[in-house]
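What follows is one structure encoded as structure tokens, with my remarks underneath.
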Amino acid sequence: MRSKLVFLPLAGIVLAGGPAYATVYLSVEQAQAQLFPGATFQSVPVTLTEEQVKAIEHASGVHVLSKQLKAWRVSTGGWFIADEVVGKHEYIPFALGLDAHGAVKGIEILEYREAYGDQIRNPEWQKQFLGRDGSVKLQLGKSIRNISGATLSSKHITDGVERLLVTYELVLKSSAH
Amino acid sequence: MLLRNHALFHVISRPPARAKTGVRQTHRWLAVLCAFLAFVFVPGVTRADEPLFGFTYTTDTLPKGKSEVEQWSTTRFTKAQGNFWLQENRTELSYGLTNRFQLSLYQDYDSTAAYHNGPFGATTPGEPFSYDSPDSNAHYNNTAYISTDVESIFRIFSPYEHFLGFGVYSEERAGKDFFETENRLLFQKNFRDDRVVLAANFTYAPELRANPGSLSLNETDINQDYGATYRFIRNWSLGAELLNEREFNSWTFWKHEINDAYFVGPSLHYGGRHFFATGSFFEQMPWATTHLATVSGAVVDGRDYDTEAGTFLRQAASSSRCPGLRRTWQPYPAPSSMAETTTTILRSIVCA
């Protein structure tokens, strides 16, 4: 009898091979056109140094997921950054537009793969970020209000924007010209 | 939570059980099947929160208006001697009444086989079947509906907003000749972008049984569960749990202790948008001690075999928005063999 029971964990593993779906809302190009209509974009790929990662994490209080920064300089002034944050099960790809002064111009959720929490696409909630420039720390429940029922996603998007604002101040700002 | 085996008391105090008739078994399985089908075809089911561990609860609850169906399976085996096997099955429907208050309804239906497995070699059924008192030399087999349960979880502090997540849990179980209320304090602390989760539960669970006659206190379970898990790649989390289970012959948790047992084991979890599965394995550690109320012969080599098994497996799975799966999903049966169970599980997960 005992030997047959070893198949039960196997069943659990096989169960895990279930279908996975993702909702793709925007490509990077579509998000660029939405945040900066009519502009052209110059790719400025950045590889963060170990010191820069530590400085960003220290200043933002947020873990840096990747040293590779996908940034574009915008012809009309400002920056476009494509990044991702941790979701409940997967990563949440998003895009951040910064104006010429480094303030938030807009946020776009590119893709969402989680069971729930996609209320972070709500423009009313995202409106809180507009004009934020890193002078006041972005923190869920304080400077940014929570979305009840989508707490993890809204927390991580808030943290992600805070991290990119700090990244702009420490890394991109000096290479703006 | 039904983790214990009280059958030894019944071996001593009750006459041998009468044989089960085929008609009675058929009626039971019809009832179980109807209950399961009612759950499976509840409309609008969506997969949402999920257990990261086999036993330890986190403070996560379903969002308001969301629901899910979960299928649980716990297989306990290994005693100090003889043969023992207990298959516990649970079909659960959960619903988020608010974003922090979740209500669930369970049906439990189990199977067991036992022979010369108890203290002094007496055949001792698993706890869900403790209303039966087979002859001490009987080859005992049984399958039955066990109980209907209502569970509620209320999250007071979210680990995503506060320093420490905190919630309360209450589960009421009613079955043949028993009633149990299980009450937990839930704690959760997250690290590394919420990919590392630490959780702890503290449980107070008095159980009443008709022993025989009217319901009276049978025992009080006092449990501590600890879990740690890390999402090491997308969708997959690997963790470990430590369970400490203690039983008392009173309403309190400081006197008349009957026994204690410690379990340690790994847990593996997959979570996706429409599906999750959790598997865990536990081994009893040789840390059990003898108390004034401990049944003679129950503790062998530092392990409590009166109320516990030496090892067990626990699994949970849930899926939705997959019409083929919804149509073909079957309850874990009362298996004539484990091979049949495995085949049924594999067949039932095929998503057309």
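Following the order of the structure tokens, chains are lettered A, B, ..., residues in each are numbered from 1, and ligands are numbered from 1.
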Residues of stretch 97-326 of chain B classed as strand (DSSP E) by DSSP on the backbone are to be reported as number ranges by chain. B: 101-115, 140-157, 165-175, 178-191, 196-209, 216-233, 236-248, 257-271, 275-285, 299-300, 303-304, 311-319
Could you pull the residues within 8 Å of stretch 37-40 of chain A, counting only C-alpha atoms, minus those fewer than 5 positions along the same chain, as an MDAnalysis selection string? chainID A and resid 32 74:76
Got a sec: who's within 9 Å of B:Trp287, counting only C-alpha atoms, leaving out chain neighbours fewer than 2 positions off, as a ChimeraX atom specification? /B:260-262,284-285,289,301-304
With N, CA and C atoms kept, could you save the residues just selected as a PDB file, in the first residue's frame?
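Saved to result-v6.pdb:
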ATOM      1  N   ASP B 260       1.320  14.687  22.738  1.00  0.00           N
ATOM      2  CA  ASP B 260       1.811  15.723  21.849  1.00  0.00           C
ATOM      3  C   ASP B 260       2.564  15.057  20.698  1.00  0.00           C
ATOM      4  N   ALA B 261       2.601  15.744  19.585  1.00  0.00           N
ATOM      5  CA  ALA B 261       3.301  15.211  18.414  1.00  0.00           C
ATOM      6  C   ALA B 261       3.848  16.379  17.598  1.00  0.00           C
ATOM      7  N   TYR B 262       4.953  16.124  16.930  1.00  0.00           N
ATOM      8  CA  TYR B 262       5.591  17.149  16.105  1.00  0.00           C
ATOM      9  C   TYR B 262       5.782  16.592  14.693  1.00  0.00           C
ATOM     10  N   GLN B 284       6.523  12.501  11.230  1.00  0.00           N
ATOM     11  CA  GLN B 284       6.487  12.780  12.665  1.00  0.00           C
ATOM     12  C   GLN B 284       7.895  12.676  13.255  1.00  0.00           C
ATOM     13  N   MET B 285       8.259  13.684  14.020  1.00  0.00           N
ATOM     14  CA  MET B 285       9.576  13.707  14.650  1.00  0.00           C
ATOM     15  C   MET B 285       9.538  12.938  15.981  1.00  0.00           C
ATOM     16  N   THR B 289       6.347  13.166  24.042  1.00  0.00           N
ATOM     17  CA  THR B 289       6.632  12.822  25.431  1.00  0.00           C
ATOM     18  C   THR B 289       5.403  12.170  26.058  1.00  0.00           C
ATOM     19  N   ASP B 301       9.079   4.862  20.409  1.00  0.00           N
ATOM     20  CA  ASP B 301      10.278   5.512  19.868  1.00  0.00           C
ATOM     21  C   ASP B 301      10.102   7.022  19.741  1.00  0.00           C
ATOM     22  N   GLY B 302       9.471   7.612  20.723  1.00  0.00           N
ATOM     23  CA  GLY B 302       9.309   9.061  20.735  1.00  0.00           C
ATOM     24  C   GLY B 302       8.250   9.578  19.792  1.00  0.00           C
ATOM     25  N   ARG B 303       7.450   8.704  19.214  1.00  0.00           N
ATOM     26  CA  ARG B 303       6.392   9.143  18.304  1.00  0.00           C
ATOM     27  C   ARG B 303       5.035   8.719  18.866  1.00  0.00           C
ATOM     28  N   ASP B 304       4.069   9.622  18.734  1.00  0.00           N
ATOM     29  CA  ASP B 304       2.729   9.342  19.225  1.00  0.00           C
ATOM     30  C   ASP B 304       1.930   8.631  18.137  1.00  0.00           C
TER      31      ASP B 304
END
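Coordinates place atom CA of B:Ala277 at a distance of 16.5 Å from atom CA of B:Leu62.
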Long-range neighbours of A:Lys127 as a PyMOL selection string, 12 Å cut-off, only C-alpha atoms, 2 positions minimum in chain: chain A and resi 104-108+120-125+129-132+144-145
I need the residues from that last selection saved to file as a short mmCIF file (atom, residue, chain, number, x, y, z; two decimals), in the first residue's frame (with all heavy atoms), if you can.
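Once everything was written out, this is out.cif:
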data_model
loop_
_atom_site.label_atom_id
_atom_site.label_comp_id
_atom_site.auth_asym_id
_atom_site.auth_seq_id
_atom_site.Cartn_x
_atom_site.Cartn_y
_atom_site.Cartn_z
N VAL A 104 6.03 62.33 -12.92
CA VAL A 104 5.23 61.28 -13.58
C VAL A 104 4.23 61.91 -14.55
O VAL A 104 3.44 62.77 -14.18
CB VAL A 104 4.48 60.42 -12.54
CG1 VAL A 104 3.54 59.44 -13.23
CG2 VAL A 104 5.46 59.68 -11.65
N LYS A 105 4.30 61.46 -15.80
CA LYS A 105 3.36 61.92 -16.83
C LYS A 105 2.24 60.90 -17.02
O LYS A 105 1.11 61.27 -17.37
CB LYS A 105 4.12 62.12 -18.14
CG LYS A 105 3.30 62.66 -19.29
CD LYS A 105 4.24 63.01 -20.44
CE LYS A 105 3.50 63.29 -21.74
NZ LYS A 105 2.32 64.11 -21.63
N GLY A 106 2.56 59.63 -16.78
CA GLY A 106 1.52 58.61 -16.91
C GLY A 106 2.07 57.22 -16.64
O GLY A 106 3.28 56.98 -16.66
N ILE A 107 1.15 56.31 -16.35
CA ILE A 107 1.49 54.90 -16.11
C ILE A 107 0.62 54.05 -17.02
O ILE A 107 -0.58 54.34 -17.19
CB ILE A 107 1.20 54.50 -14.64
CG1 ILE A 107 2.07 55.32 -13.68
CG2 ILE A 107 1.44 53.01 -14.42
CD1 ILE A 107 1.68 55.12 -12.22
N GLU A 108 1.18 53.01 -17.59
CA GLU A 108 0.39 52.05 -18.36
C GLU A 108 0.74 50.63 -17.91
O GLU A 108 1.91 50.28 -17.83
CB GLU A 108 0.67 52.18 -19.87
CG GLU A 108 0.21 53.48 -20.48
CD GLU A 108 -1.31 53.63 -20.53
OE1 GLU A 108 -2.01 52.63 -20.28
OE2 GLU A 108 -1.77 54.76 -20.77
N ILE A 120 -5.69 47.99 -10.82
CA ILE A 120 -4.58 48.96 -10.90
C ILE A 120 -4.57 49.67 -12.24
O ILE A 120 -3.86 50.65 -12.41
CB ILE A 120 -3.21 48.28 -10.67
CG1 ILE A 120 -3.02 47.11 -11.64
CG2 ILE A 120 -3.06 47.83 -9.23
CD1 ILE A 120 -1.63 46.50 -11.59
N ARG A 121 -5.36 49.22 -13.20
CA ARG A 121 -5.47 49.92 -14.49
C ARG A 121 -6.43 51.11 -14.41
O ARG A 121 -6.53 51.89 -15.34
CB ARG A 121 -5.95 48.96 -15.58
CG ARG A 121 -4.96 47.86 -15.90
CD ARG A 121 -5.44 47.05 -17.08
NE ARG A 121 -5.42 47.82 -18.30
CZ ARG A 121 -6.45 47.92 -19.14
NH1 ARG A 121 -7.58 47.31 -18.88
NH2 ARG A 121 -6.35 48.64 -20.23
N ASN A 122 -7.14 51.17 -13.29
CA ASN A 122 -8.15 52.22 -13.14
C ASN A 122 -7.49 53.61 -13.23
O ASN A 122 -6.63 53.95 -12.42
CB ASN A 122 -8.84 52.06 -11.78
CG ASN A 122 -9.98 53.02 -11.59
OD1 ASN A 122 -10.05 54.04 -12.27
ND2 ASN A 122 -10.88 52.69 -10.69
N PRO A 123 -7.89 54.45 -14.21
CA PRO A 123 -7.27 55.78 -14.37
C PRO A 123 -7.43 56.66 -13.14
O PRO A 123 -6.55 57.48 -12.84
CB PRO A 123 -8.03 56.37 -15.56
CG PRO A 123 -8.61 55.21 -16.28
CD PRO A 123 -8.89 54.18 -15.24
N GLU A 124 -8.53 56.49 -12.42
CA GLU A 124 -8.74 57.30 -11.22
C GLU A 124 -7.68 57.00 -10.17
O GLU A 124 -7.22 57.89 -9.47
CB GLU A 124 -10.14 57.04 -10.65
CG GLU A 124 -11.26 57.71 -11.41
CD GLU A 124 -11.07 59.22 -11.50
OE1 GLU A 124 -10.85 59.84 -10.45
OE2 GLU A 124 -11.11 59.76 -12.63
N TRP A 125 -7.33 55.72 -10.05
CA TRP A 125 -6.28 55.36 -9.08
C TRP A 125 -4.92 55.84 -9.58
O TRP A 125 -4.13 56.38 -8.81
CB TRP A 125 -6.28 53.83 -8.87
CG TRP A 125 -5.26 53.40 -7.84
CD1 TRP A 125 -5.36 53.54 -6.49
CD2 TRP A 125 -3.99 52.80 -8.09
NE1 TRP A 125 -4.24 53.06 -5.87
CE2 TRP A 125 -3.38 52.59 -6.84
CE3 TRP A 125 -3.31 52.41 -9.24
CZ2 TRP A 125 -2.12 52.01 -6.70
CZ3 TRP A 125 -2.06 51.83 -9.11
CH2 TRP A 125 -1.48 51.63 -7.86
N PHE A 129 -0.64 59.41 -9.14
CA PHE A 129 0.79 59.43 -9.41
C PHE A 129 1.21 60.64 -10.27
O PHE A 129 2.38 60.99 -10.31
CB PHE A 129 1.22 58.14 -10.15
CG PHE A 129 1.09 56.90 -9.30
CD1 PHE A 129 -0.08 56.17 -9.29
CD2 PHE A 129 2.16 56.46 -8.52
CE1 PHE A 129 -0.20 55.02 -8.52
CE2 PHE A 129 2.05 55.31 -7.75
CZ PHE A 129 0.86 54.58 -7.75
N LEU A 130 0.25 61.22 -10.97
CA LEU A 130 0.60 62.27 -11.94
C LEU A 130 1.24 63.46 -11.24
O LEU A 130 0.75 63.96 -10.22
CB LEU A 130 -0.65 62.71 -12.71
CG LEU A 130 -1.37 61.60 -13.49
CD1 LEU A 130 -2.52 62.17 -14.30
CD2 LEU A 130 -0.40 60.86 -14.41
N GLY A 131 2.36 63.91 -11.79
CA GLY A 131 3.06 65.07 -11.23
C GLY A 131 4.02 64.74 -10.10
O GLY A 131 4.77 65.59 -9.64
N ARG A 132 4.00 63.50 -9.64
CA ARG A 132 4.93 63.11 -8.56
C ARG A 132 6.35 63.09 -9.10
O ARG A 132 6.60 62.54 -10.18
CB ARG A 132 4.57 61.71 -8.03
CG ARG A 132 3.14 61.60 -7.50
CD ARG A 132 3.05 62.12 -6.08
NE ARG A 132 1.74 61.80 -5.52
CZ ARG A 132 1.45 61.89 -4.23
NH1 ARG A 132 2.38 62.30 -3.39
NH2 ARG A 132 0.25 61.60 -3.80
N ILE A 144 -0.18 57.26 -1.35
CA ILE A 144 -1.00 56.62 -2.38
C ILE A 144 -2.05 55.75 -1.71
O ILE A 144 -1.72 54.92 -0.87
CB ILE A 144 -0.13 55.74 -3.32
CG1 ILE A 144 0.95 56.58 -4.02
CG2 ILE A 144 -1.00 55.01 -4.33
CD1 ILE A 144 0.44 57.61 -5.00
N ARG A 145 -3.29 55.92 -2.08
CA ARG A 145 -4.34 55.13 -1.42
C ARG A 145 -4.39 53.71 -2.00
O ARG A 145 -4.11 53.48 -3.18
CB ARG A 145 -5.71 55.82 -1.53
CG ARG A 145 -6.34 55.77 -2.89
CD ARG A 145 -7.78 56.33 -2.88
NE ARG A 145 -8.38 56.16 -4.19
CZ ARG A 145 -8.20 56.98 -5.21
NH1 ARG A 145 -7.42 58.04 -5.07
NH2 ARG A 145 -8.77 56.74 -6.38
#
Taking into account only C-alpha atoms, which residue in the set A:Gly149, A:Gly102, A:Pro45, A:Gly87 is nearest to chain B? A:Gly149
For B:Pro159, work out the shell of residues within 7 Å, counting only C-alpha atoms and skipping chain neighbours fewer than 5 positions away, then give it as a ChimeraX atom specification. /B:164-165,188-190
I need the residue nearest chain B from this list: A:Leu165, A:Leu35, A:Ile147, A:Leu69. Use only C-alpha atoms for the distance.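 The closest residue to chain B is A:Ile147.
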Give the answer as one residue: which of B:Asn89, B:Thr59, B:Ser136, B:Ser318 has the shortest atom-to-atom distance to chain A, using only C-alpha atoms?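 That would be B:Ser318, the residue with the smallest distance to chain A.
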Contact residues around A:Tyr112 with only C-alpha atoms at 7 Å, ignoring same-chain residues under 2 positions, as a list in words: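 That gives Ala22, Thr23, Val24, Ile92, Glu114 and Asp118 of chain A.
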Give me, as a VMD selection string, all polymer residues having an atom no more than 12 Å from A:Leu48, counting only C-alpha atoms and skipping those fewer than 3 positions away in the same chain. chain A and resid 45 51 to 57 64 to 71 167 to 168 170 to 172
Could you tell me, as a PDB file with C-alpha atoms, in the first residue's frame, which residues of chain A DSSP assigns to alpha helix (DSSP H) when given the backbone?
ATOM      1  CA  ARG A   2       2.725   2.439   0.924  1.00  0.00           C
ATOM      2  CA  SER A   3       4.507   2.126  -2.384  1.00  0.00           C
ATOM      3  CA  LYS A   4       1.385   3.177  -4.274  1.00  0.00           C
ATOM      4  CA  LEU A   5       1.080   6.342  -2.266  1.00  0.00           C
ATOM      5  CA  PHE A   7       2.119   8.598  -6.875  1.00  0.00           C
ATOM      6  CA  LEU A   8       0.085  11.209  -4.999  1.00  0.00           C
ATOM      7  CA  PRO A   9       2.779  13.922  -5.076  1.00  0.00           C
ATOM      8  CA  LEU A  10       3.221  13.136  -8.758  1.00  0.00           C
ATOM      9  CA  ALA A  11      -0.455  13.836  -9.265  1.00  0.00           C
ATOM     10  CA  GLY A  12       0.019  17.184  -7.578  1.00  0.00           C
ATOM     11  CA  ILE A  13       2.841  18.080  -9.903  1.00  0.00           C
ATOM     12  CA  VAL A  14       0.856  17.049 -12.950  1.00  0.00           C
ATOM     13  CA  LEU A  15      -2.054  19.103 -11.668  1.00  0.00           C
ATOM     14  CA  VAL A  28       5.782  48.928 -25.578  1.00  0.00           C
ATOM     15  CA  GLU A  29       5.244  50.859 -28.814  1.00  0.00           C
ATOM     16  CA  GLN A  30       1.544  51.327 -28.105  1.00  0.00           C
ATOM     17  CA  ALA A  31       2.296  52.545 -24.583  1.00  0.00           C
ATOM     18  CA  GLN A  32       4.863  55.003 -25.954  1.00  0.00           C
ATOM     19  CA  ALA A  33       2.327  56.398 -28.401  1.00  0.00           C
ATOM     20  CA  GLN A  34      -0.285  56.667 -25.661  1.00  0.00           C
ATOM     21  CA  LEU A  35       1.931  58.446 -23.149  1.00  0.00           C
ATOM     22  CA  GLU A  50      26.377  47.418  -8.093  1.00  0.00           C
ATOM     23  CA  GLU A  51      26.814  50.804  -6.412  1.00  0.00           C
ATOM     24  CA  GLN A  52      23.846  52.275  -8.271  1.00  0.00           C
ATOM     25  CA  VAL A  53      21.658  49.318  -7.272  1.00  0.00           C
ATOM     26  CA  LYS A  54      22.585  49.791  -3.633  1.00  0.00           C
ATOM     27  CA  ALA A  55      21.980  53.531  -3.831  1.00  0.00           C
ATOM     28  CA  ILE A  56      18.557  53.032  -5.459  1.00  0.00           C
ATOM     29  CA  GLU A  57      17.523  50.407  -2.916  1.00  0.00           C
ATOM     30  CA  HIS A  58      18.724  52.578  -0.044  1.00  0.00           C
ATOM     31  CA  ALA A  59      16.910  55.678  -1.256  1.00  0.00           C
ATOM     32  CA  SER A  60      13.677  53.991  -2.322  1.00  0.00           C
ATOM     33  CA  PRO A 123      -7.273  55.782 -14.369  1.00  0.00           C
ATOM     34  CA  GLU A 124      -8.744  57.295 -11.215  1.00  0.00           C
ATOM     35  CA  TRP A 125      -6.283  55.362  -9.082  1.00  0.00           C
ATOM     36  CA  GLN A 126      -3.366  56.068 -11.414  1.00  0.00           C
ATOM     37  CA  THR A 151      -3.603  45.376  -2.310  1.00  0.00           C
ATOM     38  CA  LEU A 152      -0.581  43.395  -3.433  1.00  0.00           C
ATOM     39  CA  SER A 153      -0.687  44.729  -7.014  1.00  0.00           C
ATOM     40  CA  SER A 154      -1.264  48.337  -5.964  1.00  0.00           C
ATOM     41  CA  LYS A 155       1.522  48.098  -3.384  1.00  0.00           C
ATOM     42  CA  HIS A 156       4.015  46.742  -5.889  1.00  0.00           C
ATOM     43  CA  ILE A 157       3.122  49.256  -8.618  1.00  0.00           C
ATOM     44  CA  THR A 158       3.520  52.037  -6.044  1.00  0.00           C
ATOM     45  CA  ASP A 159       6.902  50.647  -5.021  1.00  0.00           C
ATOM     46  CA  GLY A 160       7.900  50.211  -8.667  1.00  0.00           C
ATOM     47  CA  VAL A 161       7.131  53.837  -9.528  1.00  0.00           C
ATOM     48  CA  GLU A 162       9.004  55.020  -6.435  1.00  0.00           C
ATOM     49  CA  ARG A 163      12.011  52.935  -7.448  1.00  0.00           C
ATOM     50  CA  LEU A 164      11.991  54.343 -10.993  1.00  0.00           C
ATOM     51  CA  LEU A 165      11.677  57.927  -9.739  1.00  0.00           C
ATOM     52  CA  VAL A 166      14.761  57.348  -7.599  1.00  0.00           C
ATOM     53  CA  THR A 167      16.481  55.675 -10.564  1.00  0.00           C
TER      54      THR A 167
END
What is the distance, in Å and to one decimal place, between atom CA of B:Glu50 and atom CA of B:Arg192?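 If I compute the distance from atom CA of B:Glu50 to atom CA of B:Arg192, I get 19.5 Å.
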Could you tell me how far atom CA of A:Arg113 lies from atom CA of B:Thr229, in Å and to one decimal?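 Calculated distance between atom CA of A:Arg113 and atom CA of B:Thr229 is 21.4 Å.
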